[in-house]
>>> print(open('coords-v8.cif').read())   # mmCIF, C-alpha atoms
data_start
#
loop_
_atom_site.label_atom_id
_atom_site.label_comp_id
_atom_site.auth_asym_id
_atom_site.auth_seq_id
_atom_site.Cartn_x
_atom_site.Cartn_y
_atom_site.Cartn_z
CA MET C 1 23.23 -53.87 -12.36
CA ALA C 2 20.37 -54.82 -10.03
CA ILE C 3 21.98 -52.78 -7.24
CA ARG C 4 22.31 -49.78 -9.57
CA ARG C 5 18.59 -49.99 -10.52
CA GLU C 6 17.62 -50.23 -6.86
CA LEU C 7 19.83 -47.25 -6.04
CA LEU C 8 18.27 -45.20 -8.85
CA LEU C 9 14.80 -46.23 -7.68
CA ILE C 10 15.61 -45.18 -4.10
CA ILE C 11 16.95 -41.81 -5.27
CA ALA C 12 13.85 -41.26 -7.42
CA LEU C 13 11.57 -42.09 -4.47
CA ILE C 14 13.49 -39.71 -2.20
CA LEU C 15 13.09 -36.91 -4.78
CA VAL C 16 9.37 -37.60 -5.10
CA ILE C 17 8.93 -37.56 -1.30
CA ALA C 18 10.94 -34.32 -0.98
CA THR C 19 8.81 -32.71 -3.71
CA LEU C 20 5.59 -33.80 -1.99
CA ILE C 21 6.80 -32.40 1.36
CA LYS C 22 7.61 -29.05 -0.26
CA LEU C 23 4.18 -28.95 -1.94
CA ILE C 24 2.45 -29.68 1.38
CA GLU C 25 4.47 -26.91 3.10
CA PHE C 26 3.60 -24.51 0.26
CA PHE C 27 -0.12 -25.09 0.63
CA GLN C 28 0.05 -24.89 4.43
CA VAL C 29 1.82 -21.50 4.25
CA ASN C 30 -0.77 -20.16 1.81
CA VAL C 31 -3.63 -21.22 4.07
CA VAL C 32 -2.04 -19.46 7.06
CA GLU C 33 -1.23 -16.38 4.94
CA ALA C 34 -4.85 -16.29 3.75
CA ASP C 35 -5.96 -16.49 7.38
CA ALA C 36 -3.62 -13.60 8.28
CA SER C 37 -4.98 -11.53 5.40
CA LYS C 38 -8.59 -12.26 6.34
CA PHE C 39 -7.97 -11.43 10.01
CA VAL C 40 -6.24 -8.11 9.21
CA LEU C 41 -8.88 -6.99 6.69
CA GLU C 42 -11.70 -7.80 9.14
CA ASP C 43 -9.93 -5.91 11.93
CA LEU C 44 -9.28 -2.89 9.69
CA GLY C 45 -12.93 -2.87 8.63
CA SER C 46 -14.18 -2.83 12.21
CA THR C 47 -11.50 -0.48 13.59
CA TYR C 48 -11.62 2.02 10.69
CA PRO C 49 -15.16 1.88 9.29
CA GLY C 50 -15.52 3.90 6.10
CA ALA C 51 -11.77 4.17 5.53
CA ASP C 52 -10.01 2.91 2.41
CA THR C 53 -7.83 0.01 3.57
CA SER C 54 -5.52 -2.54 2.02
CA ILE C 55 -2.70 -4.90 2.90
CA MET C 56 0.69 -3.66 1.69
CA THR C 57 2.95 -6.56 2.70
CA ILE C 58 2.79 -9.94 4.41
CA VAL C 59 6.20 -11.24 5.49
CA PRO C 60 6.63 -14.75 6.94
CA LYS C 61 8.74 -14.83 10.12
CA VAL C 62 9.83 -17.37 12.74
CA ASN C 63 9.77 -16.48 16.44
CA ALA C 64 12.32 -17.52 19.10
CA ASN C 65 10.43 -20.79 19.67
CA GLY C 66 10.62 -21.72 15.99
CA ALA C 67 6.92 -21.08 15.35
CA ARG C 68 5.86 -19.36 12.13
CA TYR C 69 3.96 -16.09 12.10
CA PHE C 70 3.38 -13.22 9.68
CA GLU C 71 4.26 -9.54 9.96
CA VAL C 72 1.53 -7.66 8.14
CA LYS C 73 1.73 -4.01 7.07
CA ALA C 74 -1.60 -2.42 6.15
CA ARG C 75 -2.62 0.95 4.75
CA VAL C 76 -5.50 2.99 6.16
CA THR C 77 -6.65 6.14 4.35
CA GLU C 78 -9.41 8.09 6.02
CA ASN C 79 -11.31 10.67 3.91
CA PRO C 80 -9.68 9.44 0.67
CA ASP C 81 -11.78 11.69 -1.59
CA SER C 82 -11.12 14.87 0.37
CA PRO C 83 -8.44 17.52 -0.09
CA CYS C 84 -6.88 16.29 3.18
CA PRO C 85 -6.74 12.47 3.23
CA GLU C 86 -5.16 10.97 6.34
CA ARG C 87 -2.93 7.97 5.69
CA SER C 88 -1.44 5.63 8.29
CA HIS C 89 0.40 2.34 8.14
CA ILE C 90 -0.78 -0.21 10.71
CA PHE C 91 1.31 -3.23 11.73
CA TYR C 92 0.08 -6.66 12.84
CA ASN C 93 1.63 -9.96 13.91
CA TYR C 94 -0.47 -13.00 13.00
CA PRO C 95 -0.95 -15.07 14.97
CA ALA C 96 -0.34 -12.64 17.81
CA GLN C 97 3.12 -12.96 19.36
CA ASN C 98 4.28 -12.25 22.89
CA PHE C 99 5.63 -8.87 21.79
CA ILE C 100 3.86 -5.71 20.69
CA PRO C 101 3.97 -4.82 16.98
CA GLN C 102 5.41 -1.44 16.12
CA PRO C 103 3.09 1.55 16.56
CA ALA C 104 1.16 2.98 13.64
CA GLU C 105 3.18 5.09 11.22
CA VAL C 106 1.37 8.35 10.43
CA ILE C 107 2.04 9.43 6.84
CA THR C 108 -0.35 12.39 6.56
CA SER C 109 -2.41 14.25 9.13
CA SER C 110 -3.72 17.76 9.69
CA CYS C 111 -3.48 18.41 5.94
CA THR C 112 0.29 18.85 6.04
CA VAL C 113 3.11 17.17 4.22
CA CYS C 114 6.84 17.90 4.15
CA SER C 115 6.68 20.19 7.16
CA GLU C 116 10.38 19.69 7.96
CA GLY C 117 13.54 18.29 6.42
CA LEU C 118 13.79 16.75 2.97
CA CYS C 119 10.53 16.50 1.07
CA THR C 120 9.63 13.23 -0.56
CA ILE C 121 6.16 12.76 -2.01
CA ALA C 122 6.03 8.97 -1.74
CA PHE C 123 2.29 8.32 -1.53
CA PRO C 124 -0.81 9.50 -3.42
CA GLU C 125 -2.29 11.09 -0.28
CA GLU C 126 0.82 13.26 0.06
CA ALA C 127 0.48 14.31 -3.59
CA ILE C 128 -3.14 15.34 -3.03
CA ILE C 129 -2.22 17.54 -0.06
CA ALA C 130 0.85 19.02 -1.77
CA SER C 131 -1.17 19.87 -4.89
CA HIS C 132 -3.19 22.48 -3.03
CA THR C 133 -0.98 23.53 -0.08
CA PHE C 134 2.46 24.05 -1.65
CA PRO C 135 3.56 27.47 -2.91
CA GLY C 136 2.22 28.18 -6.39
CA THR C 137 -1.04 26.27 -5.93
CA SER C 138 -3.35 29.21 -5.17
CA ALA C 139 -5.46 28.39 -8.26
CA ILE C 140 -6.27 24.99 -6.76
CA GLN C 141 -7.09 26.58 -3.40
CA SER C 142 -9.49 28.94 -5.20
CA TYR C 143 -11.03 26.06 -7.18
CA LEU C 144 -11.66 24.14 -3.95
CA ALA C 145 -13.18 27.19 -2.26
CA ASN C 146 -15.47 28.09 -5.17
CA ASN C 147 -16.80 24.67 -6.21
CA GLU C 148 -18.82 21.99 -4.45
CA GLY C 149 -18.00 18.31 -4.45
CA VAL C 150 -14.44 18.67 -5.68
CA VAL C 151 -12.79 15.25 -5.78
CA PRO C 152 -9.10 14.46 -6.38
CA THR C 153 -7.77 11.55 -8.40
CA VAL C 154 -4.09 10.63 -8.51
CA ALA C 155 -1.91 8.84 -11.02
CA GLU C 156 1.74 7.98 -10.63
CA ILE C 157 3.98 8.82 -13.60
CA LEU C 158 6.97 6.50 -13.31
CA GLU C 159 8.93 7.96 -16.25
CA THR C 160 9.17 11.40 -14.63
CA GLU C 161 9.06 10.23 -10.99
CA SER C 162 6.04 12.39 -10.40
CA TRP C 163 2.37 12.39 -9.50
CA LEU C 164 -0.49 13.83 -11.53
CA VAL C 165 -3.37 15.05 -9.36
CA LYS C 166 -6.65 15.91 -11.06
CA TRP C 167 -9.17 18.11 -9.25
CA ASN C 168 -12.70 17.91 -10.64
CA SER C 169 -16.17 19.03 -9.67
CA ASN C 170 -19.30 18.03 -11.57
CA SER C 171 -20.64 21.57 -11.05
CA ALA C 172 -17.57 23.33 -12.52
CA SER C 173 -16.93 24.15 -16.18
CA SER C 174 -13.28 23.15 -15.88
CA TYR C 175 -10.93 20.89 -13.94
CA PHE C 176 -7.31 21.26 -12.87
CA THR C 177 -4.30 18.98 -13.09
CA VAL C 178 -1.19 19.41 -11.00
CA ASN C 179 2.06 17.59 -11.73
CA ILE C 180 4.27 17.15 -8.65
CA HIS C 181 7.76 15.63 -8.65
CA ARG C 182 8.59 13.16 -5.86
CA ASN C 183 10.98 15.77 -4.44
CA GLY C 184 8.05 18.14 -3.81
CA THR C 185 8.57 20.43 -6.79
CA ILE C 186 5.44 21.57 -8.62
CA LEU C 187 6.25 20.72 -12.25
CA GLY C 188 3.13 22.20 -13.76
CA MET C 189 -0.50 23.10 -13.33
CA ASN C 190 -3.18 23.22 -16.03
CA GLU C 191 -6.80 24.27 -16.12
CA VAL C 192 -8.76 22.28 -18.68
CA GLN C 193 -12.15 23.46 -19.91
CA LYS C 194 -14.84 20.79 -20.14
CA TYR C 195 -16.65 20.55 -23.46
#
>>> encode(input="coords-v8.cif", output="structure tokens")
Amino acid sequence: MAIRRELLLIIALILVIATLIKLIEFFQVNVVEADASKFVLEDLGSTYPGADTSIMTIVPKVNANGARYFEVKARVTENPDSPCPERSHIFYNYPAQNFIPQPAEVITSSCTVCSEGLCTIAFPEEAIIASHTFPGTSAIQSYLANNEGVVPTVAEILETESWLVKWNSNSASSYFTVNIHRNGTILGMNEVQKY
């Protein structure tokens, strides 16, 4: 019986030690991840001043030497309140590794979207551009040309796999909404009078 108690005590101690080790590793990873996040946000702020930036993903990795690092994917949107926002995805390795991270992925530029192949409106910036450049959006083009300070806002509608883009100007008596399916189809456009 004494041996059984000692064995149970040893097993309990091993479990407690294993739990403590896992907790220590958890807090160490979070500190490093927080450092990676801070580094990337500071770099984005200095490299892209005035742009709307955010971190999309932080993925823990292990290099060939067994050292931990993070692959960070960030979003940069320049001119986010314009009819032609420019979105890019920027990639980082933190801490820096002895290999070059993949080049930036350009999502929108030159106010074009879906210029070739299948059209997928995956991001809000693409929806903004599509809402005034796709066939059937001449009313939006006219609204932009005839009003000052027109600003777009975008909402994703998950139920219909679409985007709702609202175009509004404080100096106009109306605003427009454009509903765009993720496949690039204009589902509807409405002019709403302000009261």
>>> resolve_selection(input="coords-v8.cif", expression="the PyMOL selection byres ((chain C and resi 163-177) around 7)", output="count of residues only")
25
>>> resolve_selection(input="coords-v8.cif", expression="the PyMOL selection byres ((chain C and resi 58) around 10)", output="PyMOL selection string")
chain C and resi 33-34+36-37+55-57+59-61+69-74+92-94
>>> atom_distance(input="coords-v8.cif", atom1="atom CA of Cys84 of chain C", atom2="atom CA of Pro103 of chain C")
22.3 Å
>>> resolve_selection(input="coords-v8.cif", expression="the PyMOL selection byres ((chain C and resi 51) around 10)", output="list in words")
Leu44, Gly45, Ser46, Thr47, Tyr48, Pro49, Gly50, Asp52, Thr53, Ser54, Arg75, Val76, Thr77, Glu78, Asn79, Pro80, Pro85, Glu86 and Arg87 of chain C
>>> write_last_selection(input="coords-v8.cif", atoms="C-alpha atoms", output="short mmCIF file (atom, residue, chain, number, x, y, z; two decimals), in the frame of the given file")
data_model
loop_
_atom_site.label_atom_id
_atom_site.label_comp_id
_atom_site.auth_asym_id
_atom_site.auth_seq_id
_atom_site.Cartn_x
_atom_site.Cartn_y
_atom_site.Cartn_z
CA LEU C 44 -9.28 -2.89 9.69
CA GLY C 45 -12.93 -2.87 8.63
CA SER C 46 -14.18 -2.83 12.21
CA THR C 47 -11.50 -0.48 13.59
CA TYR C 48 -11.62 2.02 10.69
CA PRO C 49 -15.16 1.88 9.29
CA GLY C 50 -15.52 3.90 6.10
CA ASP C 52 -10.01 2.91 2.41
CA THR C 53 -7.83 0.01 3.57
CA SER C 54 -5.52 -2.54 2.02
CA ARG C 75 -2.62 0.95 4.75
CA VAL C 76 -5.50 2.99 6.16
CA THR C 77 -6.65 6.14 4.35
CA GLU C 78 -9.41 8.09 6.02
CA ASN C 79 -11.31 10.67 3.91
CA PRO C 80 -9.68 9.44 0.67
CA PRO C 85 -6.74 12.47 3.23
CA GLU C 86 -5.16 10.97 6.34
CA ARG C 87 -2.93 7.97 5.69
#
>>> atom_distance(input="coords-v8.cif", atom1="atom CA of Pro95 of chain C", atom2="atom CA of Val62 of chain C")
11.2 Å
>>> closest_residue(input="coords-v8.cif", among="C:Asn65, C:Ser109, C:Thr185, C:Thr160", to="Ala130 of chain C", atoms="only C-alpha atoms")
C:Thr185
>>> closest_residue(input="coords-v8.cif", among="C:Ile10, C:Ala145, C:Thr137, C:Cys111", to="Gly188 of chain C", atoms="all atoms listed in the file")
C:Thr137
>>> closest_residue(input="coords-v8.cif", among="C:Gly66, C:Pro83, C:Pro135, C:Gly184", to="Glu161 of chain C", atoms="all atoms listed in the file")
C:Gly184
>>> atom_distance(input="coords-v8.cif", atom1="atom CA of Ile100 of chain C", atom2="atom CA of Ala64 of chain C")
14.6 Å
>>> closest_residue(input="coords-v8.cif", among="C:Arg68, C:Arg5, C:His132, C:His89", to="Val113 of chain C", atoms="only C-alpha atoms")
C:His132
>>> closest_residue(input="coords-v8.cif", among="C:Asn183, C:Asp35, C:Tyr143, C:Val40", to="Cys114 of chain C", atoms="all atoms listed in the file")
C:Asn183
